[in-house]
Amino acid sequence: MTLPPFEYLAPASVEELVGLLARHGTKARILAGGTDLINLMADRAVRPEYVIDLNGVPQLAGISYEPGKGLTIGAATKIEAIEKSPLIREKYFALHQAAAQIGSPQVRAMATIGGNSCNASPCADMPPPLVTLGALVRLVGPRGRREMLLEDFILGNRRTALEADELLESLLVPEPWPRSACRYATIGLREAQEIDIASVAVNLALKPETGEVAAVRIAMGAVAPVPMRARKAEEILLGRRPTAEVLQEAAASCSAECSPIDDLRASAAYRRHVVRVLAARVLRETLSAIG
Amino acid sequence: MKQLIELNVNGIAYDVIVSPEDLLVDVLRQKLGLTGTKKGCGQGDCGTCTVLIDGRRALSCLTLAIACRGKTILTIEGMEADGRLHPIQQAFIDKGAIQCGFCTPGMVMAAKALLDENPDPTVEQIKRGLSGNLCRCTGYVKIVDAVQEAARRMRAAQSQEVSR
Amino acid sequence: MTASESNTFRWVGKSVPRVDAADKVRGRALYTDDIVLPGMVYAKIKPSTIAHGRIRRIDLGKALQLPGVLAAITGEECPVPFSVNNYKPTEMPLAKDKVVYYGEGVAAVAAVDEKTAARAVELIEVEYEELPVLLDPREAMARDDVRIHDWAESNINYEGKQQFGDPEDELRKSHVVVENSFFSSYTHCGFLEPQSTIADYNPGTGRLTVYTCNQLPHYLQQTIARTIGMPMEKIRVIVPTVGGAFGGKTEATPACMVACLLSRKLGRPVKITYTRQEVFFQNKGRHPCLMKMKMGFDAQGRITAVDFDCLLDGGAHSSWGFVVMWFIAALTHLPYKIPVVRYRGKRVFTNKPTAGAQRCLGGVQVRICVEGLLDMGAEKLGLNPYEIRMINACETGYKTPTVIEVRHSEFKKCLESVARRSGIVDKYGKLPFGRGIGMAGGHYSTGGAFLLYPSYRPHSTANIRVDTEAGVTVYIGATGIGQGAHTVMCQMAAEVLGIDYRDVHLVCQDTMLAPMDNGTFDSRLTYGAGHAIKRAALDVRAKLFEVAAAVLGVRRDHLDCRDGEIFSIYEPKRRIPFQKAVAQYLSSVGPLFGTGEYTPPQPKGDYEGKLIGPTPAFGFTAQAVELEVDLETGKIKILGYWEAGDCGKPINPMAVEGQVEGAISMGLGAALYEEMVMDIEGRMLNPNFHDYKMPTTMDMPDLSLEIVDSYDPTSAFGNKEVGEGPVGPVIPAILNALYDAIGVRFTEVPVKPEKILQALGKIESAGQPRLYVAQAPSECARPGCAPGEGG
């Protein structure tokens, strides 16, 4: 397996990186962990003339939290760091679950949250829980910085709103809702190194006095071109006490709303069925976690 | 555009000429003659190319050599010291964890990374730590036993050191 | 040597560390791709982009102009087809005139480095005239208008029938008759080391040295000689350390032939190493089989007859097809007593990567049928799975209708052991819905009884040389592939000579230095090499004892040897170090050599295919599995797994365990998720390890193994096979357990979660159970959607 030839650039700062993107734009690709890009290049699916390595820019990695504001995760933060972060485990457990699910220990040590988000594979693990947490992406380019919801950033199968001269700099995850929990579950054929057949992320908050659902977001992975919000399921839950029947209703709606395909990993029928099962389980797990 | 870079592998600084598209696994194997690191799939799925870069796990088949300037690389050849096998290596031999041996270097490197982080792992943690390394010969049973044994021996050696 | 005498073995029966372990764990063991020769260049092969078509045009022009490219060839320069047994060979080093599977090599380039060769391959232009693609063997059989191989009369590669007695009559008279249709899947050997070859043609001497990971160096030597047109004695095959094989490296790869041709053309060493995709395209994994089997029972539960039809999907080339077809026939006759058997087999060409010989070849397919029907019969007879098997299990001395004698068997011990340890008799039919327990038996041949060409020459020869310069060196052609062959050979030689096993040097898997060996397949190595080594060592020992006796002043037949010393059994004070006896021999007599050989008994009987299947001994195994089905997701969780094996006396118990553990993991993968998937145009959709799913550490259940007490008196040290048999029962044990769990009898694998949900009526069935996926690839299956979805 050999790669097509390219020029390698290793900027030392965000400004330098942005400058390179401005110059080379569509002819360049960002190298973060390499677990996606190297494979794409080996298959000749992409043939960039320039590969810009962002690993020499320390500002792009790191996890910080500010009460009230929320979590800031540098795009180049390794999946392994997200998996192991005690802060994320405590406050954004679904992100811990998603990170723990990705690939293998080696892949988690190399891959980054930014890469996982920008690659935007429909099966990617980080986007669904990030979407339920209302995560924002901060993009930086020659025209300055801009922010948008991750949910709006991912446009389709391996398509994002990132311009050719822009960099995903960081993700911002808002302060969790009070009295809330977030959970994520996936299903595949093996217990490791799996590409999900389906996944469901839930972020749910309860009203303290009534126990009704105060807020909820559900996102499904691998059953649509993008991490898909199950909006009708959310409406079913909103304002109601989450009884077993209500959860079943919501789970069934998830199943009806998604648009899975037949592929070599699973049939659409199986995916549709198992999304309902996963949704019910994740909803129950989330409610238990709220306590 | 070819460049002369310095790669630090197993404590030795090598001067190597690489093209940007050269993968670390190929540079190690073909330019440095360190053929212990294997290339089972070239896609990051099998783990036979596992090395440690700055102490962290890496799939050398998905790593550009040119991106490794200034980093410390540890390969299977660097696990032994002064002709003495590392306890992980010795445990693999003692527990019958080696059959065809092709997965072995990657397994040993993955085990080292695991035990460096967690010197007293449970069986589940060992399995998880090695879940990125495929083996078609052993069914993993004796590999997990070997890592457990290595951990035990390393902890025992450590406490002997401490008590000295 | 008796069983009781064997308990005093010094090395045999001991779990000693492997002799090659240190090199492997240090990263010092040299696999073929690790080797570099001076002046070596690299070659790459251009794969076809269609599954069936005529080659209209190949333009090498641009490739040849790339700086650093030294030569390029097409199939025109290598017109001789090959196969491992030279029986109806079809495979070409490079496709000539037409391609018959996706990924078949059509041209090759040699260049100064790998990168240049890869770039040059991209510049080769090929034009095809597409032909209809035949993927289903039933369709391929029926189509007269589309011939996959122009020279063949039809797409039926081989056909065979064996009949012993009148099954229709017997079944009519039987108390109970059960029947079913089964499908075994399209799996891949999955060795981690991609095939690699270095061909080194020396134009000065006219000699060709080939380094390659191949299980049968002798046959490879012959095949190269025939295919490229060179005398055999000018060719030397050296097999370096092999990174797994499992039967998939028994044949020459087309790349090996290409490397030889390019090396001869250039007069310098040429290396070709397959990418993982090429390994899949080249395949040589298990034959998918469509099978129908009928089994009858009398009122006591004894099998009366079996009628078995098997359609083998051979893929594009001949490969081992002939052997597999007859092996399936042979393996039907054991490990249960079946007095009347009819077998009708057909192997058919299809436009898919070729099926060959995968670990437990033929056994996996047969076990799915036999073990499933045994349970079906047991149910009708009111017996449990253990009872039906004990009633029918073979014993020592049993003779099959194919005139094969089971000269030794502890199969019943195996069945009894797993039944007891798993508790199946108490649990079967009584666990809550969704939980089930099942069992299956199995066996496999040991010692291999056929050469792949007509000859009476010995199957294994060992020459031992002893001197003070090199110690004890055993020259034997036997090939290690990771199963531990080298270690057990050292243990066996050391046992007879009374020295440390680590002091035995081996020269093996080299056709020039080591005498011919039939190779590592059919689980013959330890048995066959064992006999040869024992005889050679006894030869050396007799010569040495004669001199030692004179030195010690005792009778020759009073002597024994152990721990590096030769001594009198009756007067232990009279002893001499082994090395001293050797030195004395060298000066008193001369060079010290011993030689030994082994040929298995000629198969008896007179029927079609009789040469394939009969072996001098058989290993046996029984397995049980308890599992739980997640009724909502269809996923299976294995709660317990028990195995008991009869491998005779294990030479190295730790190695035996390792073999069983690995065999079970291969069976598990095949049962639950392994399958190669094609689209409707015959393109393989998952030629990689993220979508061809083999078990990871986290997928393996805990295994409980037992080596039953056994000793086969026909073998050199009581030993029998263990490398292949244990793969066989895994699938049927799981299928039988699933029936117990949810009342559905699955007859095809892999049993993926959605099949379970379909069977439970929870999702719509896809219609006819499919042989393989023939669908358009999804976007998610495109390259890049690998487990590392980070960037």
# chains A, B, ... in the order shown; residues from 1 in each chain; ligands from 1
>>> select_by_dssp(residues="region 60-146 of chain A", states="strand (DSSP E or B)", output="JSON, numbers by chain")
{"A": [63, 64, 65, 66, 70, 71, 72, 73, 74, 78, 112, 136, 137, 138, 139, 140, 141, 144, 145, 146]}
>>> residues_around(residues="region 37-41 of chain C", least_positions_apart="3", cutoff="10 Å", atoms="only C-alpha atoms", output="list in words")
Gly68, Val69, Leu70, Ala110, Ala111, Val112, Asp113, Glu114, Ala117, Ile198, Ala199, Asp200, Leu262, Ser263, Leu266, Gly267, Arg268, Pro269, Val270, Lys271 and Ile272 of chain C
>>> residues_around(residues="region 208-218 of chain C", least_positions_apart="2", cutoff="8 Å", atoms="only C-alpha atoms", output="PyMOL selection string")
chain C and resi 31-32+195-202+206+220-222+234-243+245+247+249-252+256+260+264+477+479-481+509-511+516-521
>>> closest_atom_pairs(of="chain C", to="chain B", cutoff="8 Å", atoms="only C-alpha atoms", output="tab-separated table")
residue	atom	partner	partner_atom	distance
C:Pro17	CA	B:Asp94	CA	5.9
C:Arg18	CA	B:Ile93	CA	7.3
C:Ala21	CA	B:Ile93	CA	5.8
C:Ala22	CA	B:Ile93	CA	6.7
C:Lys24	CA	B:Gly101	CA	5.3
C:Val25	CA	B:Gln89	CA	5.9
C:Arg26	CA	B:Glu77	CA	6.1
C:Gly27	CA	B:Gly36	CA	3.8
C:Arg28	CA	B:Gly36	CA	6.2
C:Ala29	CA	B:Gly36	CA	7.7
C:Leu30	CA	B:Thr35	CA	7.9
C:Asp34	CA	B:Thr35	CA	5.5
C:Gly190	CA	B:Arg136	CA	6.7
C:Phe191	CA	B:Arg136	CA	6.1
C:Leu192	CA	B:Gly40	CA	5.3
C:Glu193	CA	B:Gly40	CA	5.5
C:Pro194	CA	B:Gly40	CA	6.3
C:Thr241	CA	B:Cys100	CA	7.8
C:Val242	CA	B:Cys100	CA	6.4
C:Gly243	CA	B:Phe102	CA	5.0
C:Gly244	CA	B:Cys100	CA	5.4
C:Thr275	CA	B:Cys41	CA	6.8
C:Arg276	CA	B:Cys41	CA	4.9
C:Ile481	CA	B:Cys100	CA	6.1
C:Gly482	CA	B:Cys100	CA	3.5
C:Gln483	CA	B:Gln99	CA	5.9
C:Gly484	CA	B:Gln99	CA	6.5
C:Met654	CA	B:Gly96	CA	6.4
C:Ala655	CA	B:Gly96	CA	6.8
C:Gly658	CA	B:Thr138	CA	5.5
C:Gln659	CA	B:Thr138	CA	6.7
C:Glu661	CA	B:Gly139	CA	5.0
C:Gly662	CA	B:Thr138	CA	4.3
C:Ala663	CA	B:Gly139	CA	7.5
C:Ile664	CA	B:Gly139	CA	7.2
C:Ser665	CA	B:Gly139	CA	5.1
C:Met666	CA	B:Arg136	CA	7.2
C:Asn688	CA	B:Cys41	CA	7.4
C:Phe689	CA	B:Asp45	CA	5.7
C:His690	CA	B:Asp45	CA	5.9
C:Met694	CA	B:Leu134	CA	7.8
C:Pro695	CA	B:Leu134	CA	7.6
C:Thr696	CA	B:Ser131	CA	5.7
C:Thr697	CA	B:Ser131	CA	5.2
C:Met698	CA	B:Lys127	CA	5.8
C:Met700	CA	B:Gly139	CA	7.0
C:Ala786	CA	B:Asp45	CA	7.9
C:Pro787	CA	B:Asp45	CA	7.5
C:Gly788	CA	B:Gly44	CA	7.8
>>> write_last_selection(atoms="N, CA and C atoms", output="short mmCIF file (atom, residue, chain, number, x, y, z; two decimals), in the first residue's frame")
data_model
loop_
_atom_site.label_atom_id
_atom_site.label_comp_id
_atom_site.auth_asym_id
_atom_site.auth_seq_id
_atom_site.Cartn_x
_atom_site.Cartn_y
_atom_site.Cartn_z
N PRO C 17 8.78 -24.61 26.31
CA PRO C 17 8.67 -23.42 25.45
C PRO C 17 9.15 -23.74 24.04
N ARG C 18 8.58 -23.09 23.07
CA ARG C 18 8.91 -23.35 21.68
C ARG C 18 10.32 -22.89 21.36
N ALA C 21 10.34 -19.43 19.70
CA ALA C 21 9.59 -18.35 20.36
C ALA C 21 10.45 -17.11 20.59
N ALA C 22 11.69 -17.32 21.00
CA ALA C 22 12.54 -16.17 21.33
C ALA C 22 12.75 -15.27 20.12
N LYS C 24 10.87 -14.94 17.56
CA LYS C 24 9.62 -14.28 17.16
C LYS C 24 9.29 -13.14 18.10
N VAL C 25 9.50 -13.35 19.39
CA VAL C 25 9.11 -12.30 20.34
C VAL C 25 10.10 -11.13 20.32
N ARG C 26 11.28 -11.38 19.77
CA ARG C 26 12.26 -10.29 19.67
C ARG C 26 12.11 -9.54 18.35
N GLY C 27 11.27 -10.05 17.47
CA GLY C 27 11.16 -9.44 16.15
C GLY C 27 12.31 -9.83 15.25
N ARG C 28 13.01 -10.92 15.60
CA ARG C 28 14.17 -11.34 14.80
C ARG C 28 13.84 -12.42 13.81
N ALA C 29 12.73 -13.10 13.99
CA ALA C 29 12.36 -14.16 13.05
C ALA C 29 12.14 -13.52 11.68
N LEU C 30 12.65 -14.15 10.66
CA LEU C 30 12.54 -13.56 9.33
C LEU C 30 11.40 -14.19 8.55
N ASP C 34 10.51 -9.78 5.13
CA ASP C 34 11.58 -9.17 5.91
C ASP C 34 12.93 -9.30 5.23
N GLY C 190 -7.42 -16.08 6.54
CA GLY C 190 -7.19 -14.99 7.49
C GLY C 190 -5.83 -14.97 8.16
N PHE C 191 -4.83 -15.62 7.56
CA PHE C 191 -3.48 -15.52 8.14
C PHE C 191 -3.05 -14.06 8.09
N LEU C 192 -2.27 -13.64 9.09
CA LEU C 192 -1.90 -12.22 9.16
C LEU C 192 -0.75 -11.84 8.23
N GLU C 193 0.06 -12.81 7.84
CA GLU C 193 1.18 -12.48 6.96
C GLU C 193 0.74 -12.58 5.51
N PRO C 194 0.68 -11.43 4.79
CA PRO C 194 0.33 -11.53 3.37
C PRO C 194 1.38 -12.35 2.64
N THR C 241 10.28 -18.14 7.96
CA THR C 241 9.23 -18.22 8.98
C THR C 241 7.90 -17.84 8.32
N VAL C 242 6.88 -18.60 8.63
CA VAL C 242 5.57 -18.38 8.01
C VAL C 242 4.63 -17.74 9.02
N GLY C 243 3.98 -16.68 8.61
CA GLY C 243 3.06 -15.97 9.51
C GLY C 243 1.64 -16.46 9.37
N GLY C 244 1.43 -17.73 9.66
CA GLY C 244 0.08 -18.29 9.55
C GLY C 244 -0.20 -18.76 8.14
N THR C 275 -0.73 -7.03 -1.18
CA THR C 275 -1.46 -6.18 -0.24
C THR C 275 -2.56 -7.05 0.37
N ARG C 276 -3.17 -6.57 1.42
CA ARG C 276 -4.23 -7.34 2.05
C ARG C 276 -5.37 -7.59 1.07
N ILE C 481 4.41 -23.81 10.20
CA ILE C 481 3.60 -22.65 9.81
C ILE C 481 3.05 -21.92 11.02
N GLY C 482 3.64 -22.25 12.16
CA GLY C 482 3.20 -21.61 13.38
C GLY C 482 2.53 -22.57 14.33
N GLN C 483 2.34 -23.79 13.87
CA GLN C 483 1.62 -24.75 14.72
C GLN C 483 2.53 -25.36 15.77
N GLY C 484 3.83 -25.10 15.68
CA GLY C 484 4.73 -25.65 16.69
C GLY C 484 5.48 -26.86 16.19
N MET C 654 0.93 -27.73 25.97
CA MET C 654 0.67 -26.30 25.85
C MET C 654 0.44 -25.92 24.39
N ALA C 655 1.20 -26.53 23.51
CA ALA C 655 1.02 -26.28 22.08
C ALA C 655 -0.33 -26.84 21.61
N GLY C 658 -2.99 -24.46 22.58
CA GLY C 658 -2.95 -23.30 21.69
C GLY C 658 -3.61 -23.59 20.36
N GLN C 659 -3.40 -24.78 19.83
CA GLN C 659 -4.02 -25.16 18.57
C GLN C 659 -5.54 -25.24 18.71
N GLU C 661 -7.43 -23.74 20.96
CA GLU C 661 -7.98 -22.40 21.19
C GLU C 661 -8.09 -21.63 19.88
N GLY C 662 -7.04 -21.74 19.07
CA GLY C 662 -7.08 -21.05 17.77
C GLY C 662 -8.12 -21.64 16.84
N ALA C 663 -8.24 -22.95 16.85
CA ALA C 663 -9.22 -23.60 15.98
C ALA C 663 -10.63 -23.16 16.35
N ILE C 664 -10.90 -23.10 17.65
CA ILE C 664 -12.23 -22.68 18.09
C ILE C 664 -12.49 -21.23 17.68
N SER C 665 -11.47 -20.39 17.78
CA SER C 665 -11.70 -18.99 17.39
C SER C 665 -12.00 -18.87 15.91
N MET C 666 -11.39 -19.72 15.09
CA MET C 666 -11.70 -19.70 13.66
C MET C 666 -13.13 -20.17 13.42
N ASN C 688 -10.85 -6.80 3.29
CA ASN C 688 -10.07 -6.10 4.32
C ASN C 688 -10.49 -6.63 5.67
N PHE C 689 -9.74 -6.28 6.69
CA PHE C 689 -10.02 -6.81 8.02
C PHE C 689 -11.02 -5.98 8.82
N HIS C 690 -11.52 -4.87 8.29
CA HIS C 690 -12.56 -4.22 9.08
C HIS C 690 -13.93 -4.71 8.69
N MET C 694 -12.87 -11.04 11.81
CA MET C 694 -12.39 -12.16 12.58
C MET C 694 -12.46 -11.79 14.05
N PRO C 695 -12.57 -12.78 14.92
CA PRO C 695 -12.72 -12.44 16.34
C PRO C 695 -11.55 -11.63 16.89
N THR C 696 -11.87 -10.66 17.74
CA THR C 696 -10.85 -9.93 18.49
C THR C 696 -10.78 -10.50 19.89
N THR C 697 -9.87 -9.97 20.70
CA THR C 697 -9.77 -10.45 22.08
C THR C 697 -11.11 -10.38 22.78
N MET C 698 -11.88 -9.35 22.47
CA MET C 698 -13.11 -9.15 23.22
C MET C 698 -14.25 -10.03 22.73
N MET C 700 -13.80 -13.40 22.24
CA MET C 700 -13.56 -14.79 22.61
C MET C 700 -14.17 -15.10 23.97
N ALA C 786 -13.20 3.20 7.99
CA ALA C 786 -12.53 2.17 8.78
C ALA C 786 -12.80 2.44 10.25
N PRO C 787 -12.44 1.51 11.11
CA PRO C 787 -12.70 1.72 12.54
C PRO C 787 -12.16 3.04 13.04
N GLY C 788 -11.06 3.53 12.44
CA GLY C 788 -10.54 4.81 12.88
C GLY C 788 -11.24 5.93 12.20
#
>>> closest_atom_pairs(of="region 5-70 of chain A", to="region 88-92 of chain A", cutoff="10 Å", atoms="only C-alpha atoms", output="JSON lines")
{"residue": "A:Ile63", "atom": "CA", "partner": "A:Ile88", "partner_atom": "CA", "distance": 8.9}
{"residue": "A:Ser64", "atom": "CA", "partner": "A:Ile88", "partner_atom": "CA", "distance": 9.8}
{"residue": "A:Tyr65", "atom": "CA", "partner": "A:Ile88", "partner_atom": "CA", "distance": 9.3}
{"residue": "A:Gly70", "atom": "CA", "partner": "A:Lys91", "partner_atom": "CA", "distance": 9.7}
>>> residues_around(residues="region 534-539 of chain C", least_positions_apart="6", cutoff="6 Å", atoms="only C-alpha atoms", output="number ranges by chain")
C: 594-596
>>> closest_residue(among="A:Asn39, A:Thr26, A:Ser259, A:Thr77", to="chain C", atoms="only C-alpha atoms")
A:Asn39
>>> interface_residues(of="chain A", to="chain C", cutoff="6 Å", atoms="only C-alpha atoms", output="PDB file with C-alpha atoms, in the first residue's frame")
ATOM      1  CA  ALA A  32      -4.723  15.047  12.301  1.00  0.00           C
ATOM      2  CA  GLY A  33      -4.634  11.421  13.457  1.00  0.00           C
ATOM      3  CA  GLY A  34      -4.246   9.991   9.974  1.00  0.00           C
ATOM      4  CA  THR A  35      -6.508   7.030  10.574  1.00  0.00           C
ATOM      5  CA  ASP A  36      -8.944   8.261   7.951  1.00  0.00           C
ATOM      6  CA  ASN A  39      -6.559   5.213   4.179  1.00  0.00           C
ATOM      7  CA  LEU A  40      -8.354   7.606   1.821  1.00  0.00           C
ATOM      8  CA  GLY A 103     -11.861   1.565  16.773  1.00  0.00           C
ATOM      9  CA  VAL A 107      -6.878   4.140  16.797  1.00  0.00           C
ATOM     10  CA  ALA A 111      -7.648   9.712  15.996  1.00  0.00           C
ATOM     11  CA  THR A 112      -9.051  13.098  16.926  1.00  0.00           C
ATOM     12  CA  GLY A 115     -11.156  14.392  12.379  1.00  0.00           C
ATOM     13  CA  ASN A 116     -14.074  12.234  13.411  1.00  0.00           C
ATOM     14  CA  ALA A 124     -18.929   8.126  13.099  1.00  0.00           C
ATOM     15  CA  GLU A 191     -17.145  -6.280  20.434  1.00  0.00           C
ATOM     16  CA  GLN A 193     -12.851  -2.654  16.078  1.00  0.00           C
ATOM     17  CA  GLU A 194     -16.399  -2.324  14.853  1.00  0.00           C
ATOM     18  CA  ILE A 195     -18.073   0.042  12.472  1.00  0.00           C
ATOM     19  CA  ASP A 263     -25.286  -2.542   2.902  1.00  0.00           C
ATOM     20  CA  TYR A 270     -32.381  -4.822  10.830  1.00  0.00           C
ATOM     21  CA  VAL A 274     -32.381  -2.329  16.273  1.00  0.00           C
TER      22      VAL A 274
END
>>> atom_distance(atom1="CA of Arg172 (chain C)", atom2="CA of Gly296 (chain C)")
8.5 Å
>>> closest_residue(among="C:Leu760, C:Leu261, C:Cys647, C:Val749", to="Phe182 (chain C)", atoms="only C-alpha atoms")
C:Val749
>>> residues_around(residues="region 440-451 of chain C", least_positions_apart="4", cutoff="8 Å", atoms="only C-alpha atoms", output="ChimeraX atom specification")
/C:331,334-335,360,363,367,371,389,415,455,459,518,521-528,599-603,611-624,720-721,724-726,728-730,732-733,736
>>> closest_residue(among="B:Glu161, B:Glu117, B:Glu6, B:Asp82", to="Arg57 (chain B)", atoms="only C-alpha atoms")
B:Glu117
>>> closest_atom_pairs(of="chain A", to="chain B", cutoff="10 Å", atoms="only C-alpha atoms", output="Markdown table")
| residue | atom | partner | partner_atom | distance |
| --- | --- | --- | --- | --- |
| A:Met1 | CA | B:Gly42 | CA | 6.1 |
| A:Thr2 | CA | B:Asp22 | CA | 7.7 |
| A:Leu3 | CA | B:Glu21 | CA | 5.7 |
| A:Pro4 | CA | B:Glu21 | CA | 6.8 |
| A:Pro5 | CA | B:Glu21 | CA | 5.6 |
| A:Phe6 | CA | B:Glu21 | CA | 6.5 |
| A:Glu7 | CA | B:Pro20 | CA | 6.3 |
| A:Tyr8 | CA | B:Pro20 | CA | 5.6 |
| A:Leu9 | CA | B:Pro20 | CA | 9.2 |
| A:Ala10 | CA | B:Ala67 | CA | 8.2 |
| A:Leu31 | CA | B:Leu64 | CA | 9.7 |
| A:Gly33 | CA | B:Thr63 | CA | 8.2 |
| A:Gly34 | CA | B:Leu62 | CA | 6.0 |
| A:Thr35 | CA | B:Leu62 | CA | 6.0 |
| A:Asp36 | CA | B:Leu62 | CA | 8.6 |
| A:Leu37 | CA | B:Leu62 | CA | 8.6 |
| A:Ile38 | CA | B:Leu62 | CA | 5.7 |
| A:Asn39 | CA | B:Gln43 | CA | 6.2 |
| A:Leu40 | CA | B:Gln43 | CA | 9.8 |
| A:Met41 | CA | B:Glu21 | CA | 9.6 |
| A:Ala42 | CA | B:Gln43 | CA | 8.6 |
| A:Asp43 | CA | B:Gln43 | CA | 9.9 |
| A:Tyr50 | CA | B:Pro20 | CA | 9.8 |
| A:Val51 | CA | B:Pro20 | CA | 8.8 |
| A:Asp53 | CA | B:Ala67 | CA | 7.7 |
| A:Asn55 | CA | B:Ala67 | CA | 8.6 |
| A:Gly56 | CA | B:Ala67 | CA | 9.3 |
| A:Gly103 | CA | B:Gly132 | CA | 7.5 |
| A:Ser104 | CA | B:Gly132 | CA | 4.6 |
| A:Pro105 | CA | B:Gly132 | CA | 6.0 |
| A:Gln106 | CA | B:Arg57 | CA | 5.2 |
| A:Val107 | CA | B:Ala58 | CA | 7.4 |
| A:Arg108 | CA | B:Arg57 | CA | 8.8 |
| A:Ala109 | CA | B:Arg57 | CA | 6.0 |
| A:Met110 | CA | B:Ala58 | CA | 6.4 |
| A:Ala111 | CA | B:Ala58 | CA | 9.9 |
| A:Glu191 | CA | B:Ser131 | CA | 8.8 |
| A:Ala192 | CA | B:Ser131 | CA | 6.1 |
| A:Gln193 | CA | B:Gly132 | CA | 6.7 |
>>> atom_distance(atom1="CA of Thr468 (chain C)", atom2="CA of Arg502 (chain C)")
15.9 Å
>>> atom_distance(atom1="CA of Gln365 (chain C)", atom2="CA of Leu189 (chain A)")
23.1 Å
>>> decode(residues="region 520-552 of chain C", atoms="C-alpha atoms", output="PDB file, in the first residue's frame")
ATOM      1  CA  THR C 520       2.143 -29.370   6.060  1.00  0.00           C
ATOM      2  CA  PHE C 521      -1.416 -30.204   5.242  1.00  0.00           C
ATOM      3  CA  ASP C 522      -4.026 -32.773   6.119  1.00  0.00           C
ATOM      4  CA  SER C 523      -2.682 -32.682   9.672  1.00  0.00           C
ATOM      5  CA  ARG C 524       0.064 -35.062   8.716  1.00  0.00           C
ATOM      6  CA  LEU C 525       3.146 -33.371  10.004  1.00  0.00           C
ATOM      7  CA  THR C 526       3.666 -34.483  13.581  1.00  0.00           C
ATOM      8  CA  TYR C 527       2.542 -38.008  12.787  1.00  0.00           C
ATOM      9  CA  GLY C 528       4.500 -38.403   9.566  1.00  0.00           C
ATOM     10  CA  ALA C 529       7.587 -36.482  10.578  1.00  0.00           C
ATOM     11  CA  GLY C 530       7.407 -38.145  13.968  1.00  0.00           C
ATOM     12  CA  HIS C 531       7.832 -41.586  12.497  1.00  0.00           C
ATOM     13  CA  ALA C 532      10.637 -40.486  10.211  1.00  0.00           C
ATOM     14  CA  ILE C 533      12.496 -38.676  12.968  1.00  0.00           C
ATOM     15  CA  LYS C 534      12.072 -41.506  15.427  1.00  0.00           C
ATOM     16  CA  ARG C 535      13.432 -44.019  12.956  1.00  0.00           C
ATOM     17  CA  ALA C 536      16.354 -41.817  12.024  1.00  0.00           C
ATOM     18  CA  ALA C 537      17.131 -41.126  15.667  1.00  0.00           C
ATOM     19  CA  LEU C 538      16.941 -44.812  16.517  1.00  0.00           C
ATOM     20  CA  ASP C 539      19.331 -45.438  13.657  1.00  0.00           C
ATOM     21  CA  VAL C 540      21.786 -42.920  15.111  1.00  0.00           C
ATOM     22  CA  ARG C 541      21.286 -44.243  18.593  1.00  0.00           C
ATOM     23  CA  ALA C 542      22.003 -47.823  17.592  1.00  0.00           C
ATOM     24  CA  LYS C 543      25.260 -46.809  15.971  1.00  0.00           C
ATOM     25  CA  LEU C 544      26.254 -44.676  18.917  1.00  0.00           C
ATOM     26  CA  PHE C 545      25.369 -47.351  21.454  1.00  0.00           C
ATOM     27  CA  GLU C 546      27.619 -49.794  19.715  1.00  0.00           C
ATOM     28  CA  VAL C 547      30.606 -47.574  20.287  1.00  0.00           C
ATOM     29  CA  ALA C 548      29.465 -46.491  23.753  1.00  0.00           C
ATOM     30  CA  ALA C 549      29.040 -50.109  24.752  1.00  0.00           C
ATOM     31  CA  ALA C 550      32.589 -50.839  23.736  1.00  0.00           C
ATOM     32  CA  VAL C 551      33.885 -47.835  25.642  1.00  0.00           C
ATOM     33  CA  LEU C 552      31.896 -48.727  28.762  1.00  0.00           C
TER      34      LEU C 552
END
